[in-house]
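Below is one structure, written out as structure tokens; the observations come after it.
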Amino acid sequence: MTTLVVRLDSVGDVLLAGPAVRAAAHHSRRVVMLCGPQGAAAGRLLPGVDEVVVWDSPWTGFDPPPATARGVMELVTALAARAIERALVLTSFHQSPLPTALLLRMAGVARIAADSVDYPGSLLDVRHQRAAGRHEAQAGLDLARAAGFPLPPGDDGRLAVLPPPDQRHLTGPGRYVVLHPGAAVPARAPGAGLAAAAVRVLTAAGRRVVVTGGRAEKELTAQVAGADALDLGGRTGLAELAGVLAGADVVVAGNTGPAHLAAAVGTPVACLFAPVVPAHRWRPYGVPHVLLGRQDAPCAGTRARTCPVPGHPCLDSLTAEEIVTAVDLLRGPADHDRAAAPEVIR
């Protein structure tokens, strides 16, 4: 059977869907993943995905397109051509799966499963109720099990991506720490001054630092790297970034896609976590990590994209020394065992 897994949001959301994708793949002849433009590259990195269909949904994303009959029918036609029998519609805890489920019904999908607090009428065959407080990755697995897709034997349910390309030609030899200062949502990024100070203190402590970022973040990464760190801003796509993160001892990042990509390649994360979304749902999953930042800041739970509090106190009240302490806690000795490193929430 062909199974469709839907995750219409950004890179981190798609990576967190990975365990549910593998569960579906174990019970399917073929898995198609429906992603938005921001998450499509992550979908192509997930084990178990045979094809990624990209659609810009009117009800997700930072700048959603208008809802048009033409756009809807193009998707319905594309999915109908793939003869999809079953679908998992994965959403965040605050999103409704029902608009997507309606389009899947129009495309002829016979069996649809989703978490839904709203009455679904005939749109869902499995209306699952998400357990309180579940991490997004766990919630996806819960839904997959409810739909008849348990994980295969031996799969630990952690995040994973296809083996990334070796990036030592970019990073150079030897150990290093990655600092990723940007975020798609500005409220989740530390101030450039704090990130640059962390680079200076890490370097002074004898740590080699690699700064990463997308093409649109090249000015930020240059400012943060300064003369002390290797600046890879704009020089990596998502697969190449996975390779850079895989080679690192520790990744320092906000609660954004690269933190989840680091978890997917097994690298510990010192996460500068802005509490605009709850940490118990979105913290790095399945790897040793330290959460830094004031989780009781006034922005907590607001889902704000731009910090609503003057001075960005949830993150910019941190010091560079606190970040370095977290890195040293996770980094360990040269022969450190990542699986044995501590998981700490602060």
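In the structure tokens, each chain is lettered A, B, ... as it comes, each chain's residues begin at 1, and ligands are numbered from 1 in order of appearance.
For range 124-136 of chain A, the residues within 8 Å (counting only C-alpha atoms, excluding itself and residues fewer than 5 positions away along the chain) are Leu16, Ala17, Ser92, Phe93, Ala101, Arg111, Ile112, Ala113, Ala114, Asp115, Ser116, Val117, Asp142, Leu143, Ala146, Ala147, His280, Arg281, Trp282 and Arg283 of chain A.
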Give the helix (DSSP H, G or I) residues of range 65-194 of chain A, as DSSP finds them on the backbone, and put them as an mmCIF file with N, CA and C atoms, in the first residue's frame.
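Writing the result to selection_33.cif gives the following:
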```
data_model
loop_
_atom_site.group_PDB
_atom_site.id
_atom_site.type_symbol
_atom_site.label_atom_id
_atom_site.label_comp_id
_atom_site.auth_asym_id
_atom_site.auth_seq_id
_atom_site.Cartn_x
_atom_site.Cartn_y
_atom_site.Cartn_z
ATOM 1 N N ALA A 69 -9.311 27.964 -5.607
ATOM 2 C CA ALA A 69 -9.815 26.697 -6.130
ATOM 3 C C ALA A 69 -8.755 26.016 -6.995
ATOM 4 N N ARG A 70 -8.023 26.801 -7.771
ATOM 5 C CA ARG A 70 -7.000 26.220 -8.634
ATOM 6 C C ARG A 70 -5.896 25.550 -7.821
ATOM 7 N N GLY A 71 -5.403 26.238 -6.782
ATOM 8 C CA GLY A 71 -4.354 25.652 -5.967
ATOM 9 C C GLY A 71 -4.795 24.381 -5.277
ATOM 10 N N VAL A 72 -6.025 24.395 -4.759
ATOM 11 C CA VAL A 72 -6.552 23.212 -4.083
ATOM 12 C C VAL A 72 -6.689 22.049 -5.063
ATOM 13 N N MET A 73 -7.237 22.310 -6.244
ATOM 14 C CA MET A 73 -7.475 21.227 -7.203
ATOM 15 C C MET A 73 -6.176 20.687 -7.788
ATOM 16 N N GLU A 74 -5.154 21.530 -7.884
ATOM 17 C CA GLU A 74 -3.855 21.020 -8.336
ATOM 18 C C GLU A 74 -3.312 19.989 -7.357
ATOM 19 N N LEU A 75 -3.447 20.268 -6.057
ATOM 20 C CA LEU A 75 -2.995 19.289 -5.068
ATOM 21 C C LEU A 75 -3.848 18.029 -5.114
ATOM 22 N N VAL A 76 -5.157 18.190 -5.146
ATOM 23 C CA VAL A 76 -6.054 17.033 -5.174
ATOM 24 C C VAL A 76 -5.731 16.146 -6.378
ATOM 25 N N THR A 77 -5.518 16.754 -7.530
ATOM 26 C CA THR A 77 -5.191 15.986 -8.731
ATOM 27 C C THR A 77 -3.860 15.265 -8.597
ATOM 28 N N ALA A 78 -2.867 15.963 -8.042
ATOM 29 C CA ALA A 78 -1.541 15.348 -7.873
ATOM 30 C C ALA A 78 -1.596 14.156 -6.933
ATOM 31 N N LEU A 79 -2.335 14.281 -5.838
ATOM 32 C CA LEU A 79 -2.429 13.167 -4.887
ATOM 33 C C LEU A 79 -3.263 12.027 -5.445
ATOM 34 N N ALA A 80 -4.344 12.336 -6.145
ATOM 35 C CA ALA A 80 -5.175 11.282 -6.730
ATOM 36 C C ALA A 80 -4.372 10.450 -7.721
ATOM 37 N N LEU A 98 -8.039 19.134 9.934
ATOM 38 C CA LEU A 98 -9.253 18.913 9.144
ATOM 39 C C LEU A 98 -9.216 19.551 7.755
ATOM 40 N N PRO A 99 -8.635 20.756 7.560
ATOM 41 C CA PRO A 99 -8.551 21.240 6.172
ATOM 42 C C PRO A 99 -7.781 20.282 5.268
ATOM 43 N N THR A 100 -6.670 19.756 5.772
ATOM 44 C CA THR A 100 -5.899 18.800 4.983
ATOM 45 C C THR A 100 -6.693 17.526 4.750
ATOM 46 N N ALA A 101 -7.350 17.038 5.792
ATOM 47 C CA ALA A 101 -8.123 15.805 5.647
ATOM 48 C C ALA A 101 -9.203 15.946 4.584
ATOM 49 N N LEU A 102 -9.843 17.108 4.498
ATOM 50 C CA LEU A 102 -10.869 17.333 3.476
ATOM 51 C C LEU A 102 -10.286 17.160 2.078
ATOM 52 N N LEU A 103 -9.091 17.739 1.847
ATOM 53 C CA LEU A 103 -8.476 17.614 0.530
ATOM 54 C C LEU A 103 -8.060 16.176 0.237
ATOM 55 N N LEU A 104 -7.627 15.460 1.262
ATOM 56 C CA LEU A 104 -7.265 14.061 1.051
ATOM 57 C C LEU A 104 -8.481 13.226 0.689
ATOM 58 N N ARG A 105 -9.609 13.501 1.311
ATOM 59 C CA ARG A 105 -10.848 12.809 0.925
ATOM 60 C C ARG A 105 -11.185 13.099 -0.539
ATOM 61 N N MET A 106 -11.028 14.342 -0.951
ATOM 62 C CA MET A 106 -11.295 14.709 -2.345
ATOM 63 C C MET A 106 -10.352 13.985 -3.294
ATOM 64 N N GLU A 136 6.571 16.587 20.530
ATOM 65 C CA GLU A 136 6.024 16.481 19.178
ATOM 66 C C GLU A 136 6.440 15.179 18.495
ATOM 67 N N ALA A 137 7.667 14.728 18.693
ATOM 68 C CA ALA A 137 8.097 13.465 18.087
ATOM 69 C C ALA A 137 7.330 12.289 18.681
ATOM 70 N N GLN A 138 7.124 12.299 19.984
ATOM 71 C CA GLN A 138 6.361 11.229 20.625
ATOM 72 C C GLN A 138 4.904 11.242 20.185
ATOM 73 N N ALA A 139 4.335 12.445 20.050
ATOM 74 C CA ALA A 139 2.948 12.547 19.623
ATOM 75 C C ALA A 139 2.762 11.963 18.225
ATOM 76 N N GLY A 140 3.725 12.200 17.344
ATOM 77 C CA GLY A 140 3.648 11.609 16.017
ATOM 78 C C GLY A 140 3.688 10.098 16.051
ATOM 79 N N LEU A 141 4.554 9.560 16.901
ATOM 80 C CA LEU A 141 4.616 8.098 17.044
ATOM 81 C C LEU A 141 3.339 7.536 17.650
ATOM 82 N N ASP A 142 2.761 8.250 18.609
ATOM 83 C CA ASP A 142 1.498 7.806 19.200
ATOM 84 C C ASP A 142 0.420 7.692 18.129
ATOM 85 N N LEU A 143 0.338 8.688 17.266
ATOM 86 C CA LEU A 143 -0.655 8.652 16.197
ATOM 87 C C LEU A 143 -0.377 7.504 15.234
ATOM 88 N N ALA A 144 0.899 7.306 14.878
ATOM 89 C CA ALA A 144 1.238 6.212 13.971
ATOM 90 C C ALA A 144 0.808 4.862 14.551
ATOM 91 N N ARG A 145 1.056 4.657 15.838
ATOM 92 C CA ARG A 145 0.629 3.396 16.472
ATOM 93 C C ARG A 145 -0.881 3.244 16.437
ATOM 94 N N ALA A 146 -1.591 4.338 16.737
ATOM 95 C CA ALA A 146 -3.052 4.281 16.726
ATOM 96 C C ALA A 146 -3.593 3.948 15.338
ATOM 97 N N ARG A 168 34.431 17.577 6.058
ATOM 98 C CA ARG A 168 35.738 17.984 6.574
ATOM 99 C C ARG A 168 36.472 18.921 5.617
ATOM 100 N N HIS A 169 36.097 18.902 4.348
ATOM 101 C CA HIS A 169 36.709 19.862 3.423
ATOM 102 C C HIS A 169 36.270 21.283 3.749
ATOM 103 N N LEU A 170 35.123 21.438 4.431
ATOM 104 C CA LEU A 170 34.669 22.747 4.873
ATOM 105 C C LEU A 170 35.144 23.077 6.285
ATOM 106 N N THR A 171 35.026 22.101 7.179
ATOM 107 C CA THR A 171 35.294 22.374 8.598
ATOM 108 C C THR A 171 36.769 22.273 8.956
ATOM 109 N N PRO A 186 12.345 35.179 14.592
ATOM 110 C CA PRO A 186 13.304 36.030 15.309
ATOM 111 C C PRO A 186 13.237 35.911 16.822
ATOM 112 N N ALA A 187 12.044 35.664 17.382
ATOM 113 C CA ALA A 187 11.915 35.569 18.836
ATOM 114 C C ALA A 187 12.707 34.407 19.412
ATOM 115 N N ARG A 188 13.087 33.447 18.576
ATOM 116 C CA ARG A 188 13.791 32.259 19.067
ATOM 117 C C ARG A 188 15.298 32.352 18.890
ATOM 118 N N ALA A 192 22.754 38.984 18.429
ATOM 119 C CA ALA A 192 24.059 38.777 17.803
ATOM 120 C C ALA A 192 25.197 39.072 18.771
ATOM 121 N N GLY A 193 24.995 40.025 19.668
ATOM 122 C CA GLY A 193 26.045 40.350 20.629
ATOM 123 C C GLY A 193 26.341 39.193 21.567
ATOM 124 N N LEU A 194 25.293 38.533 22.052
ATOM 125 C CA LEU A 194 25.489 37.375 22.928
ATOM 126 C C LEU A 194 26.182 36.245 22.171
#
```
Using 10 Å as the limit and counting only C-alpha atoms, can you tabulate each residue of range 270-309 of chain A that touches range 241-256 of chain A, with its shortest atom-to-atom distance in Å and the two atoms involved, as CSV?
```
residue,atom,partner,partner_atom,distance
A:Ala270,CA,A:Val252,CA,4.8
A:Cys271,CA,A:Ala253,CA,5.2
A:Leu272,CA,A:Gly254,CA,4.4
A:Phe273,CA,A:Asn255,CA,5.2
A:Ala274,CA,A:Asn255,CA,6.8
A:Pro275,CA,A:Asn255,CA,8.9
A:Val276,CA,A:Asn255,CA,9.8
A:Val277,CA,A:Asn255,CA,9.0
A:Ala279,CA,A:Asn255,CA,8.7
A:Trp282,CA,A:Asn255,CA,7.3
A:Arg283,CA,A:Asn255,CA,7.0
A:Pro284,CA,A:Asn255,CA,8.0
A:Pro288,CA,A:Val250,CA,9.6
A:His289,CA,A:Val250,CA,9.0
A:Val290,CA,A:Val252,CA,9.6
A:Leu291,CA,A:Asn255,CA,9.5
A:Leu292,CA,A:Gly254,CA,9.2
A:Gly293,CA,A:Gly254,CA,9.7
```
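As for CA of Pro278 in chain A and CA of Cys299 in chain A, they are spaced 10.8 Å apart.
The smallest atom-to-atom distance between Thr306 in chain A and any of A:Phe62, A:Trp55, A:Tyr176, A:Phe149, using only C-alpha atoms, is found for A:Phe62.
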